[in-house]
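Here is the file entry24.pdb (PDB, C-alpha atoms, pLDDT in the B column).
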```
ATOM      1  CA  MET A   1     116.061  75.741 115.973  1.00 43.00           C
ATOM      2  CA  VAL A   2     113.476  74.481 118.474  1.00 44.00           C
ATOM      3  CA  LEU A   3     116.188  73.941 121.082  1.00 45.00           C
ATOM      4  CA  SER A   4     117.607  77.424 120.573  1.00 62.00           C
ATOM      5  CA  GLY A   5     114.097  78.883 120.898  1.00 65.00           C
ATOM      6  CA  VAL A   6     113.556  77.041 124.173  1.00 71.00           C
ATOM      7  CA  CYS A   7     116.954  78.181 125.475  1.00 78.00           C
ATOM      8  CA  LEU A   8     116.099  81.753 124.563  1.00 75.00           C
ATOM      9  CA  GLN A   9     112.808  81.556 126.445  1.00 80.00           C
ATOM     10  CA  LEU A  10     114.569  80.118 129.485  1.00 81.00           C
ATOM     11  CA  TYR A  11     117.126  82.923 129.330  1.00 80.00           C
ATOM     12  CA  PHE A  12     114.427  85.591 129.163  1.00 83.00           C
ATOM     13  CA  ALA A  13     112.452  83.882 131.927  1.00 85.00           C
ATOM     14  CA  ALA A  14     115.509  83.911 134.198  1.00 86.00           C
ATOM     15  CA  ARG A  15     116.158  87.593 133.453  1.00 87.00           C
ATOM     16  CA  ILE A  16     112.545  88.566 134.061  1.00 89.00           C
ATOM     17  CA  GLY A  17     112.371  86.449 137.207  1.00 85.00           C
ATOM     18  CA  ALA A  18     115.385  88.296 138.600  1.00 87.00           C
ATOM     19  CA  MET A  19     113.585  91.595 137.999  1.00 87.00           C
ATOM     20  CA  ALA A  20     111.036  90.624 140.631  1.00 85.00           C
ATOM     21  CA  VAL A  21     113.651  91.446 143.279  1.00 82.00           C
ATOM     22  CA  ILE A  22     116.487  93.264 141.445  1.00 87.00           C
ATOM     23  CA  ASP A  23     116.093  96.706 139.889  1.00 88.00           C
ATOM     24  CA  PRO A  24     117.364  96.546 136.265  1.00 87.00           C
ATOM     25  CA  GLN A  25     119.751  99.467 135.742  1.00 78.00           C
ATOM     26  CA  SER A  26     120.546  98.811 132.085  1.00 81.00           C
ATOM     27  CA  THR A  27     118.455  97.919 129.050  1.00 85.00           C
ATOM     28  CA  ALA A  28     119.238  96.923 125.478  1.00 83.00           C
ATOM     29  CA  PHE A  29     118.067 100.326 124.271  1.00 82.00           C
ATOM     30  CA  GLN A  30     120.202 102.178 126.816  1.00 83.00           C
ATOM     31  CA  ARG A  31     123.306 100.218 125.840  1.00 84.00           C
ATOM     32  CA  SER A  32     122.616 101.100 122.217  1.00 84.00           C
ATOM     33  CA  GLU A  33     122.275 104.782 123.142  1.00 82.00           C
ATOM     34  CA  MET A  34     125.534 104.683 125.107  1.00 80.00           C
ATOM     35  CA  SER A  35     127.327 103.314 122.054  1.00 84.00           C
ATOM     36  CA  ARG A  36     125.806 105.991 119.837  1.00 84.00           C
ATOM     37  CA  LEU A  37     126.761 108.835 122.181  1.00 78.00           C
ATOM     38  CA  LEU A  38     130.306 107.516 122.484  1.00 77.00           C
ATOM     39  CA  ARG A  39     130.591 107.122 118.712  1.00 83.00           C
ATOM     40  CA  GLU A  40     129.104 110.530 117.822  1.00 82.00           C
ATOM     41  CA  GLN A  41     130.316 112.700 120.701  1.00 80.00           C
ATOM     42  CA  GLY A  42     133.328 110.824 122.036  1.00 76.00           C
ATOM     43  CA  ARG A  43     131.807 110.787 125.528  1.00 73.00           C
ATOM     44  CA  ILE A  44     128.720 109.593 127.379  1.00 75.00           C
ATOM     45  CA  LEU A  45     126.641 112.258 129.127  1.00 78.00           C
ATOM     46  CA  TRP A  46     124.218 110.183 131.158  1.00 81.00           C
ATOM     47  CA  SER A  47     121.670 110.826 133.899  1.00 84.00           C
ATOM     48  CA  GLN A  48     119.690 108.074 135.624  1.00 89.00           C
ATOM     49  CA  SER A  49     118.742 107.336 139.220  1.00 89.00           C
ATOM     50  CA  TRP A  50     116.388 104.579 140.379  1.00 94.00           C
ATOM     51  CA  LEU A  51     113.398 105.665 142.448  1.00 95.00           C
ATOM     52  CA  PRO A  52     111.194 103.060 144.204  1.00 95.00           C
ATOM     53  CA  ALA A  53     107.530 103.022 143.165  1.00 96.00           C
ATOM     54  CA  ALA A  54     106.383 104.279 146.577  1.00 96.00           C
ATOM     55  CA  GLN A  55     108.444 107.452 146.111  1.00 97.00           C
ATOM     56  CA  ILE A  56     107.245 108.248 142.582  1.00 97.00           C
ATOM     57  CA  SER A  57     104.459 110.813 142.388  1.00 97.00           C
ATOM     58  CA  PRO A  58     101.077 109.191 141.604  1.00 97.00           C
ATOM     59  CA  SER A  59     100.556 112.041 139.128  1.00 97.00           C
ATOM     60  CA  ILE A  60     103.278 110.794 136.769  1.00 98.00           C
ATOM     61  CA  LYS A  61     102.003 107.226 137.015  1.00 98.00           C
ATOM     62  CA  ARG A  62      98.513 108.368 136.059  1.00 97.00           C
ATOM     63  CA  ALA A  63      99.795 110.738 133.376  1.00 97.00           C
ATOM     64  CA  VAL A  64     101.884 108.067 131.642  1.00 97.00           C
ATOM     65  CA  ILE A  65      98.981 105.619 131.667  1.00 97.00           C
ATOM     66  CA  ALA A  66      96.585 108.286 130.329  1.00 96.00           C
ATOM     67  CA  SER A  67      98.983 109.349 127.579  1.00 95.00           C
ATOM     68  CA  GLU A  68     100.609 106.057 126.587  1.00 93.00           C
ATOM     69  CA  ASP A  69      98.266 103.190 127.470  1.00 94.00           C
ATOM     70  CA  ALA A  70      94.773 103.982 128.790  1.00 91.00           C
ATOM     71  CA  GLY A  71      93.905 100.277 129.124  1.00 92.00           C
ATOM     72  CA  PHE A  72      97.073  99.361 131.030  1.00 95.00           C
ATOM     73  CA  VAL A  73      95.330  98.113 134.182  1.00 94.00           C
ATOM     74  CA  ASP A  74      92.852  95.915 132.286  1.00 92.00           C
ATOM     75  CA  HIS A  75      94.638  94.339 129.309  1.00 91.00           C
ATOM     76  CA  ASN A  76      96.948  91.309 129.341  1.00 89.00           C
ATOM     77  CA  GLY A  77      99.880  93.222 127.871  1.00 85.00           C
ATOM     78  CA  VAL A  78      98.723  93.569 124.257  1.00 86.00           C
ATOM     79  CA  GLU A  79      95.916  95.714 122.842  1.00 81.00           C
ATOM     80  CA  TRP A  80      95.047  93.658 119.788  1.00 70.00           C
ATOM     81  CA  ASP A  81      92.661  96.239 118.289  1.00 73.00           C
ATOM     82  CA  ALA A  82      95.280  98.987 118.525  1.00 64.00           C
ATOM     83  CA  LEU A  83      97.891  96.650 117.064  1.00 64.00           C
ATOM     84  CA  GLU A  84      95.651  95.810 114.095  1.00 64.00           C
ATOM     85  CA  LYS A  85      94.872  99.487 113.426  1.00 67.00           C
ATOM     86  CA  ALA A  86      98.576 100.344 113.571  1.00 61.00           C
ATOM     87  CA  TRP A  87      99.359  97.519 111.146  1.00 63.00           C
ATOM     88  CA  GLN A  88      96.738  98.784 108.679  1.00 65.00           C
ATOM     89  CA  LYS A  89      98.017 102.375 108.886  1.00 65.00           C
ATOM     90  CA  ASN A  90     101.618 101.263 108.444  1.00 61.00           C
ATOM     91  CA  SER A  91     100.705  99.142 105.403  1.00 64.00           C
ATOM     92  CA  LYS A  92      98.921 102.081 103.765  1.00 70.00           C
ATOM     93  CA  ALA A  93     101.825 104.388 104.557  1.00 63.00           C
ATOM     94  CA  GLN A  94     104.261 101.913 102.987  1.00 68.00           C
ATOM     95  CA  GLN A  95     102.122 101.656  99.847  1.00 75.00           C
ATOM     96  CA  ARG A  96     101.922 105.465  99.507  1.00 78.00           C
ATOM     97  CA  LEU A  97     105.667 105.760  99.938  1.00 70.00           C
ATOM     98  CA  GLU A  98     106.382 103.097  97.300  1.00 78.00           C
ATOM     99  CA  SER A  99     104.099 104.944  94.870  1.00 79.00           C
ATOM    100  CA  GLN A 100     105.887 108.228  95.570  1.00 79.00           C
ATOM    101  CA  LYS A 101     109.286 106.594  95.085  1.00 77.00           C
ATOM    102  CA  GLN A 102     108.196 105.104  91.776  1.00 82.00           C
ATOM    103  CA  LYS A 103     107.019 108.504  90.507  1.00 82.00           C
ATOM    104  CA  ALA A 104     110.237 110.143  91.715  1.00 77.00           C
ATOM    105  CA  MET A 105     112.303 107.534  89.880  1.00 80.00           C
ATOM    106  CA  GLU A 106     110.315 108.029  86.675  1.00 78.00           C
ATOM    107  CA  ARG A 107     110.869 111.809  86.866  1.00 84.00           C
ATOM    108  CA  TYR A 108     114.572 111.243  87.498  1.00 77.00           C
ATOM    109  CA  GLN A 109     114.907 108.890  84.540  1.00 83.00           C
ATOM    110  CA  ARG A 110     113.233 111.416  82.226  1.00 86.00           C
ATOM    111  CA  ALA A 111     115.501 114.185  83.484  1.00 81.00           C
ATOM    112  CA  ALA A 112     118.577 111.953  83.100  1.00 80.00           C
ATOM    113  CA  SER A 113     117.603 111.103  79.512  1.00 85.00           C
ATOM    114  CA  ARG A 114     117.221 114.794  78.634  1.00 85.00           C
ATOM    115  CA  ALA A 115     120.573 115.603  80.204  1.00 80.00           C
ATOM    116  CA  GLN A 116     122.285 112.790  78.313  1.00 81.00           C
ATOM    117  CA  ALA A 117     120.755 113.947  75.008  1.00 81.00           C
ATOM    118  CA  ARG A 118     122.166 117.444  75.611  1.00 82.00           C
ATOM    119  CA  GLY A 119     125.554 116.155  76.709  1.00 81.00           C
ATOM    120  CA  ARG A 120     125.121 117.315  80.286  1.00 82.00           C
ATOM    121  CA  PRO A 121     125.854 115.477  83.536  1.00 83.00           C
ATOM    122  CA  ALA A 122     123.033 113.404  84.958  1.00 77.00           C
ATOM    123  CA  PRO A 123     121.090 115.080  87.802  1.00 78.00           C
ATOM    124  CA  GLU A 124     121.485 113.924  91.393  1.00 81.00           C
ATOM    125  CA  MET A 125     119.303 111.096  92.575  1.00 76.00           C
ATOM    126  CA  PRO A 126     116.184 112.509  94.324  1.00 71.00           C
ATOM    127  CA  SER A 127     116.252 112.395  98.120  1.00 72.00           C
ATOM    128  CA  ALA A 128     112.692 111.011  98.074  1.00 66.00           C
ATOM    129  CA  LEU A 129     114.129 107.615  97.109  1.00 63.00           C
ATOM    130  CA  ASN A 130     115.720 107.346 100.551  1.00 70.00           C
ATOM    131  CA  ALA A 131     112.565 108.244 102.478  1.00 63.00           C
ATOM    132  CA  THR A 132     111.146 105.846 105.056  1.00 59.00           C
ATOM    133  CA  PRO A 133     107.534 105.731 106.249  1.00 53.00           C
ATOM    134  CA  LYS A 134     106.536 107.003 109.682  1.00 53.00           C
ATOM    135  CA  VAL A 135     105.782 103.834 111.617  1.00 50.00           C
ATOM    136  CA  ILE A 136     102.986 103.729 114.200  1.00 50.00           C
ATOM    137  CA  GLY A 137     103.685 101.257 116.982  1.00 55.00           C
ATOM    138  CA  GLY A 138     100.344 100.559 118.663  1.00 54.00           C
ATOM    139  CA  SER A 139     102.348  99.292 121.649  1.00 85.00           C
ATOM    140  CA  THR A 140     101.295  99.102 125.283  1.00 93.00           C
ATOM    141  CA  ILE A 141     103.512 100.122 128.188  1.00 95.00           C
ATOM    142  CA  THR A 142     104.426  96.465 128.714  1.00 95.00           C
ATOM    143  CA  GLN A 143     105.359  96.025 125.052  1.00 93.00           C
ATOM    144  CA  GLN A 144     107.502  99.155 125.151  1.00 92.00           C
ATOM    145  CA  LEU A 145     109.249  97.825 128.251  1.00 93.00           C
ATOM    146  CA  ALA A 146     109.838  94.418 126.625  1.00 92.00           C
ATOM    147  CA  LYS A 147     111.343  96.110 123.566  1.00 90.00           C
ATOM    148  CA  ASN A 148     113.549  98.478 125.587  1.00 89.00           C
ATOM    149  CA  LEU A 149     114.783  95.799 127.977  1.00 89.00           C
ATOM    150  CA  PHE A 150     115.710  93.083 125.539  1.00 88.00           C
ATOM    151  CA  LEU A 151     115.323  93.883 121.836  1.00 82.00           C
ATOM    152  CA  SER A 152     116.923  95.911 119.059  1.00 69.00           C
ATOM    153  CA  SER A 153     115.175  98.652 117.083  1.00 68.00           C
ATOM    154  CA  GLU A 154     114.784  96.316 114.088  1.00 67.00           C
ATOM    155  CA  ARG A 155     111.245  96.071 112.706  1.00 66.00           C
ATOM    156  CA  SER A 156     110.246  92.638 111.453  1.00 64.00           C
ATOM    157  CA  PHE A 157     107.659  89.906 111.992  1.00 66.00           C
ATOM    158  CA  LEU A 158     110.173  87.877 114.023  1.00 71.00           C
ATOM    159  CA  ARG A 159     111.070  90.791 116.272  1.00 73.00           C
ATOM    160  CA  LYS A 160     107.380  91.634 116.833  1.00 76.00           C
ATOM    161  CA  GLY A 161     106.748  88.004 117.766  1.00 81.00           C
ATOM    162  CA  GLN A 162     109.596  88.127 120.282  1.00 84.00           C
ATOM    163  CA  GLU A 163     108.205  91.367 121.700  1.00 86.00           C
ATOM    164  CA  ILE A 164     104.760  89.838 122.237  1.00 87.00           C
ATOM    165  CA  MET A 165     106.237  86.710 123.836  1.00 90.00           C
ATOM    166  CA  LEU A 166     108.282  88.851 126.236  1.00 91.00           C
ATOM    167  CA  THR A 167     105.244  91.011 126.944  1.00 93.00           C
ATOM    168  CA  PHE A 168     103.228  88.026 128.150  1.00 92.00           C
ATOM    169  CA  MET A 169     106.175  86.834 130.250  1.00 93.00           C
ATOM    170  CA  LEU A 170     106.546  90.250 131.886  1.00 94.00           C
ATOM    171  CA  GLU A 171     102.835  90.423 132.651  1.00 94.00           C
ATOM    172  CA  GLY A 172     102.761  86.911 134.080  1.00 93.00           C
ATOM    173  CA  MET A 173     105.908  87.107 136.187  1.00 93.00           C
ATOM    174  CA  LEU A 174     106.016  90.708 137.408  1.00 93.00           C
ATOM    175  CA  GLY A 175     102.545  92.203 137.530  1.00 91.00           C
ATOM    176  CA  LYS A 176     101.329  95.672 136.590  1.00 95.00           C
ATOM    177  CA  GLU A 177     102.741  97.710 139.479  1.00 96.00           C
ATOM    178  CA  ARG A 178     106.263  96.351 139.042  1.00 96.00           C
ATOM    179  CA  ILE A 179     106.090  96.739 135.246  1.00 96.00           C
ATOM    180  CA  LEU A 180     105.137 100.400 135.650  1.00 97.00           C
ATOM    181  CA  GLU A 181     107.932 100.945 138.188  1.00 97.00           C
ATOM    182  CA  ILE A 182     110.594  99.473 135.882  1.00 96.00           C
ATOM    183  CA  TYR A 183     109.213 101.347 132.875  1.00 96.00           C
ATOM    184  CA  LEU A 184     109.257 104.721 134.637  1.00 97.00           C
ATOM    185  CA  ASN A 185     112.807 104.179 135.875  1.00 96.00           C
ATOM    186  CA  ASN A 186     114.222 103.224 132.465  1.00 94.00           C
ATOM    187  CA  VAL A 187     112.284 105.047 129.751  1.00 95.00           C
ATOM    188  CA  GLU A 188     114.077 107.759 127.742  1.00 94.00           C
ATOM    189  CA  TRP A 189     113.189 111.416 128.419  1.00 95.00           C
ATOM    190  CA  GLY A 190     115.883 113.216 126.440  1.00 92.00           C
ATOM    191  CA  GLU A 191     119.468 112.984 125.224  1.00 90.00           C
ATOM    192  CA  GLY A 192     121.113 110.793 127.851  1.00 90.00           C
ATOM    193  CA  VAL A 193     118.192 111.318 130.261  1.00 94.00           C
ATOM    194  CA  PHE A 194     116.680 108.050 131.445  1.00 94.00           C
ATOM    195  CA  GLY A 195     114.108 107.406 134.135  1.00 95.00           C
ATOM    196  CA  ILE A 196     111.588 109.643 135.861  1.00 97.00           C
ATOM    197  CA  GLU A 197     113.927 110.907 138.605  1.00 97.00           C
ATOM    198  CA  ALA A 198     116.522 112.124 136.082  1.00 95.00           C
ATOM    199  CA  ALA A 199     113.764 113.637 133.917  1.00 96.00           C
ATOM    200  CA  SER A 200     112.183 115.500 136.842  1.00 97.00           C
ATOM    201  CA  ARG A 201     115.498 117.000 137.869  1.00 96.00           C
ATOM    202  CA  HIS A 202     116.504 117.754 134.263  1.00 95.00           C
ATOM    203  CA  TYR A 203     113.311 119.625 133.318  1.00 96.00           C
ATOM    204  CA  PHE A 204     111.933 120.931 136.647  1.00 96.00           C
ATOM    205  CA  HIS A 205     114.857 120.677 139.127  1.00 96.00           C
ATOM    206  CA  ILE A 206     112.787 118.665 141.600  1.00 97.00           C
ATOM    207  CA  SER A 207     112.473 115.015 142.584  1.00 97.00           C
ATOM    208  CA  ALA A 208     109.905 112.809 140.870  1.00 97.00           C
ATOM    209  CA  SER A 209     108.145 112.541 144.228  1.00 97.00           C
ATOM    210  CA  GLN A 210     107.256 116.250 143.985  1.00 97.00           C
ATOM    211  CA  LEU A 211     105.835 116.423 140.459  1.00 97.00           C
ATOM    212  CA  SER A 212     102.593 118.382 140.081  1.00 97.00           C
ATOM    213  CA  PRO A 213      99.809 117.061 137.824  1.00 97.00           C
ATOM    214  CA  LEU A 214     100.696 119.511 135.024  1.00 97.00           C
ATOM    215  CA  GLN A 215     104.426 118.788 135.259  1.00 97.00           C
ATOM    216  CA  ALA A 216     103.700 115.065 135.199  1.00 97.00           C
ATOM    217  CA  ALA A 217     101.410 115.477 132.192  1.00 97.00           C
ATOM    218  CA  ARG A 218     104.091 117.422 130.324  1.00 97.00           C
ATOM    219  CA  LEU A 219     106.671 114.676 130.882  1.00 97.00           C
ATOM    220  CA  ALA A 220     104.190 111.986 129.832  1.00 97.00           C
ATOM    221  CA  VAL A 221     103.347 113.785 126.585  1.00 96.00           C
ATOM    222  CA  MET A 222     107.053 113.965 125.731  1.00 96.00           C
ATOM    223  CA  LEU A 223     107.487 110.178 125.709  1.00 93.00           C
ATOM    224  CA  PRO A 224     106.806 109.347 122.054  1.00 88.00           C
ATOM    225  CA  ALA A 225     109.516 111.822 120.936  1.00 91.00           C
ATOM    226  CA  PRO A 226     111.492 113.028 123.973  1.00 92.00           C
ATOM    227  CA  LYS A 227     114.530 114.351 122.075  1.00 92.00           C
ATOM    228  CA  ARG A 228     112.357 116.403 119.728  1.00 92.00           C
ATOM    229  CA  PHE A 229     110.362 117.965 122.565  1.00 92.00           C
ATOM    230  CA  GLU A 230     113.559 118.544 124.566  1.00 92.00           C
ATOM    231  CA  LYS A 231     114.766 120.767 121.723  1.00 91.00           C
ATOM    232  CA  ASN A 232     111.371 122.465 121.373  1.00 90.00           C
ATOM    233  CA  PRO A 233     110.001 122.960 124.917  1.00 87.00           C
ATOM    234  CA  GLY A 234     107.680 125.755 123.742  1.00 87.00           C
ATOM    235  CA  SER A 235     105.757 123.432 121.401  1.00 90.00           C
ATOM    236  CA  GLY A 236     102.079 124.367 121.171  1.00 93.00           C
ATOM    237  CA  TYR A 237     101.145 120.712 120.840  1.00 93.00           C
ATOM    238  CA  LEU A 238     103.084 119.877 123.999  1.00 94.00           C
ATOM    239  CA  ARG A 239     101.294 122.598 125.954  1.00 95.00           C
ATOM    240  CA  LEU A 240      97.781 121.751 124.757  1.00 96.00           C
ATOM    241  CA  ARG A 241      98.186 117.989 125.077  1.00 96.00           C
ATOM    242  CA  SER A 242      99.663 118.398 128.582  1.00 96.00           C
ATOM    243  CA  ASN A 243      96.622 120.381 129.701  1.00 96.00           C
ATOM    244  CA  MET A 244      94.311 117.682 128.328  1.00 96.00           C
ATOM    245  CA  ILE A 245      96.180 114.883 130.126  1.00 96.00           C
ATOM    246  CA  ALA A 246      96.359 116.835 133.404  1.00 97.00           C
ATOM    247  CA  ALA A 247      92.582 117.327 133.344  1.00 96.00           C
ATOM    248  CA  ARG A 248      92.023 113.547 133.087  1.00 94.00           C
ATOM    249  CA  LEU A 249      94.365 112.376 135.853  1.00 95.00           C
ATOM    250  CA  ARG A 250      91.791 111.869 138.609  1.00 93.00           C
ATOM    251  CA  ALA A 251      89.886 109.391 136.441  1.00 94.00           C
ATOM    252  CA  VAL A 252      92.953 107.203 135.759  1.00 96.00           C
ATOM    253  CA  GLU A 253      93.106 103.945 137.704  1.00 94.00           C
ATOM    254  CA  LEU A 254      96.456 102.819 139.108  1.00 95.00           C
ATOM    255  CA  PRO A 255      97.501  99.167 139.444  1.00 91.00           C
TER     256      PRO A 255
END
```
Serialized structure, C-alpha cells:
Amino acid sequence: MVLSGVCLQLYFAARIGAMAVIDPQSTAFQRSEMSRLLREQGRILWSQSWLPAAQISPSIKRAVIASEDAGFVDHNGVEWDALEKAWQKNSKAQQRLESQKQKAMERYQRAASRAQARGRPAPEMPSALNATPKVIGGSTITQQLAKNLFLSSERSFLRKGQEIMLTFMLEGMLGKERILEIYLNNVEWGEGVFGIEAASRHYFHISASQLSPLQAARLAVMLPAPKRFEKNPGSGYLRLRSNMIAARLRAVELP
C-alpha cells in the first residue's frame, strides 16, 4: 500500500511537471464528459481551443478570481476556513435529508399497511427516498483544477485527501499564473464547451482576448453551474451577480 501510494505520487508529479511546458488538452473530467455524450447522444459535440495566458483578457482572469476564489493570489492552494464551513453545512444537510427520508418511509409504511388491510396494491415508493443533499465544495481554483485534471466525481475522504495532495503539488510545481492559465483553458462552460476561448465564441462570438468586464463577469458567474445557466441565459441571478462581479474587477489582484 505504501509503495503504491509512492508510485501514485511519482506519477502525478511527472504529469504535473510536464504541465510546466506542455499545455494539457484533456482532463479526467473531460474524458468522462466525452463518454457521457457518446453514450447519451451517440456523438460528441465538442468545442475547445487553447489560448495562451498573454492572449486571455485580464477581465476574465479577474472575474473568475472574484467569483470563484477571492484569496487565490494569497493562499497556498487550500482555504481551510472555507473547507471547514463547507464540511459543517454538508453535514447538517445530510442530517436533514436523513430525517426527511425517515419521515417519508414512516408515511409510506402507514399507507402500505392501510392499502394491504383494504386489499389494495401498495403505493409507489416516495421519490424523496432517492434524494441526495446539495453538496457545497468550498474548493479553491487550484483544488478545482486538481479534481478536473486527475480525479473522478466520487465524494469520499480518500478522494478529498488526494485532491488536497494534488493541490499542493500543483501550487509548488506550477505557480499561480500557470494554474490560472490551465484552469481557464480547461474548465467547463456548457454542454461540450470547454475553455475560455470556446466559451467566448459560444456565448459572445468573440475571442477571449476581446471580452469586456461585464461579459467576463457573466462567464465567471456561470462556472458553478454552466449547463443550467446555458439553458437559462435570462436568469435574474445571473444578471445581478454579473453586475456585482464586474463592479469589483479593478480591485482584484492578478498573479
Exercise. Considering all atoms listed in the file, return as an MDAnalysis selection string whatever protein or nucleic-acid residues lie within 9 Å of A:Arg241, sequence-local ones (same chain, fewer than 6 positions apart) excluded.
Key: chainID A and resid 217:218 221
Quiz prompt | Given the PyMOL selection byres ((chain A and resi 178) around 12), the residues it picks as a count of residues only | solution = 32
Exercise. Figure out the distance between atom CA of A:Met169 and atom CA of A:Ala13, please, to one decimal in Å.
Key: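 Calculated distance between atom CA of A:Ala13 and atom CA of A:Met169 is 7.1 Å.
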Exercise. Spell out the residues picked by the PyMOL selection byres ((chain A and resi 250) around 12) here, as a ChimeraX atom specification.
Key: /A:58-63,65-66,213,245-249,251-254
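Among the candidate residues A:Lys160, A:Arg120, A:Lys227, A:His75, the one lying nearest to A:Val193 is A:Lys227, with distances computed using all atoms listed in the file.
Of the listed residues A:Asn243, A:Ser35, A:Thr140, A:Thr167, the one whose atoms come nearest to A:Leu219 is A:Asn243, with distances taken using all atoms listed in the file.
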Self-check item: atom CA of A:Asn76 to atom CA of A:Ala146, distance in Å rounded to a single decimal
Solution: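 According to the coordinates, atom CA of A:Asn76 and atom CA of A:Ala146 are separated by 13.5 Å.
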Practice problem: Could you tell me which residues the PyMOL selection byres ((chain A and resi 104) around 12) grabs in this file, written as a count of residues only? | Solution: 22
Coordinates of box centre and edge lengths for stretch 13-16 of chain A, 5 Å on every side, axis-aligned, as lines of an AutoDock Vina configuration file:
```
center_x = 114.3
center_y = 86.2
center_z = 133.1
size_x = 13.7
size_y = 14.7
size_z = 12.3
```
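Residue nearest A:Ala208, chosen from A:Phe150, A:Arg15, A:Gly195, A:Phe229 and counting only C-alpha atoms: A:Gly195.
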Exercise. Please determine the residues with any atom at most 12 Å from (112.8, 116.3, 135.3) (coordinates as given in the file, with all atoms listed in the file counting) and report them as a PyMOL selection string.
Key: chain A and resi 47-49+60+188-190+193-212+215-220+222+226+230
Quiz item: What is the distance between atom CA of A:Lys231 and atom CA of A:Gln55, in Å to one decimal?
Solution: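 Separation of atom CA of A:Lys231 and atom CA of A:Gln55: 28.5 Å.
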Missing atoms of stretch 195-208 of chain A rebuilt to N, CA and C atoms, written as a PDB file, in the frame of the given file:
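File written: rebuild-v6.pdb
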```pdb
ATOM      1  N   GLY A 195     114.796 107.599 132.872  1.00 95.00           N
ATOM      2  CA  GLY A 195     114.108 107.406 134.135  1.00 95.00           C
ATOM      3  C   GLY A 195     113.457 108.678 134.640  1.00 95.00           C
ATOM      4  N   ILE A 196     112.399 108.511 135.428  1.00 97.00           N
ATOM      5  CA  ILE A 196     111.588 109.643 135.861  1.00 97.00           C
ATOM      6  C   ILE A 196     112.335 110.564 136.822  1.00 97.00           C
ATOM      7  N   GLU A 197     113.204 110.042 137.676  1.00 97.00           N
ATOM      8  CA  GLU A 197     113.927 110.907 138.605  1.00 97.00           C
ATOM      9  C   GLU A 197     114.873 111.839 137.844  1.00 97.00           C
ATOM     10  N   ALA A 198     115.616 111.296 136.892  1.00 95.00           N
ATOM     11  CA  ALA A 198     116.522 112.124 136.082  1.00 95.00           C
ATOM     12  C   ALA A 198     115.732 113.142 135.266  1.00 95.00           C
ATOM     13  N   ALA A 199     114.585 112.729 134.726  1.00 96.00           N
ATOM     14  CA  ALA A 199     113.764 113.637 133.917  1.00 96.00           C
ATOM     15  C   ALA A 199     113.215 114.782 134.766  1.00 96.00           C
ATOM     16  N   SER A 200     112.737 114.465 135.957  1.00 97.00           N
ATOM     17  CA  SER A 200     112.183 115.500 136.842  1.00 97.00           C
ATOM     18  C   SER A 200     113.237 116.534 137.197  1.00 97.00           C
ATOM     19  N   ARG A 201     114.427 116.070 137.493  1.00 96.00           N
ATOM     20  CA  ARG A 201     115.498 117.000 137.869  1.00 96.00           C
ATOM     21  C   ARG A 201     116.016 117.763 136.644  1.00 96.00           C
ATOM     22  N   HIS A 202     116.018 117.114 135.486  1.00 95.00           N
ATOM     23  CA  HIS A 202     116.504 117.754 134.263  1.00 95.00           C
ATOM     24  C   HIS A 202     115.572 118.887 133.823  1.00 95.00           C
ATOM     25  N   TYR A 203     114.265 118.655 133.847  1.00 96.00           N
ATOM     26  CA  TYR A 203     113.311 119.625 133.318  1.00 96.00           C
ATOM     27  C   TYR A 203     112.745 120.573 134.376  1.00 96.00           C
ATOM     28  N   PHE A 204     112.595 120.108 135.631  1.00 96.00           N
ATOM     29  CA  PHE A 204     111.933 120.931 136.647  1.00 96.00           C
ATOM     30  C   PHE A 204     112.778 121.158 137.911  1.00 96.00           C
ATOM     31  N   HIS A 205     113.947 120.515 137.992  1.00 96.00           N
ATOM     32  CA  HIS A 205     114.857 120.677 139.127  1.00 96.00           C
ATOM     33  C   HIS A 205     114.229 120.250 140.456  1.00 96.00           C
ATOM     34  N   ILE A 206     113.398 119.233 140.402  1.00 97.00           N
ATOM     35  CA  ILE A 206     112.787 118.665 141.600  1.00 97.00           C
ATOM     36  C   ILE A 206     112.818 117.146 141.495  1.00 97.00           C
ATOM     37  N   SER A 207     112.563 116.470 142.601  1.00 97.00           N
ATOM     38  CA  SER A 207     112.473 115.015 142.584  1.00 97.00           C
ATOM     39  C   SER A 207     111.150 114.575 141.956  1.00 97.00           C
ATOM     40  N   ALA A 208     111.132 113.353 141.453  1.00 97.00           N
ATOM     41  CA  ALA A 208     109.905 112.809 140.870  1.00 97.00           C
ATOM     42  C   ALA A 208     108.803 112.630 141.906  1.00 97.00           C
TER      43      ALA A 208
END
```
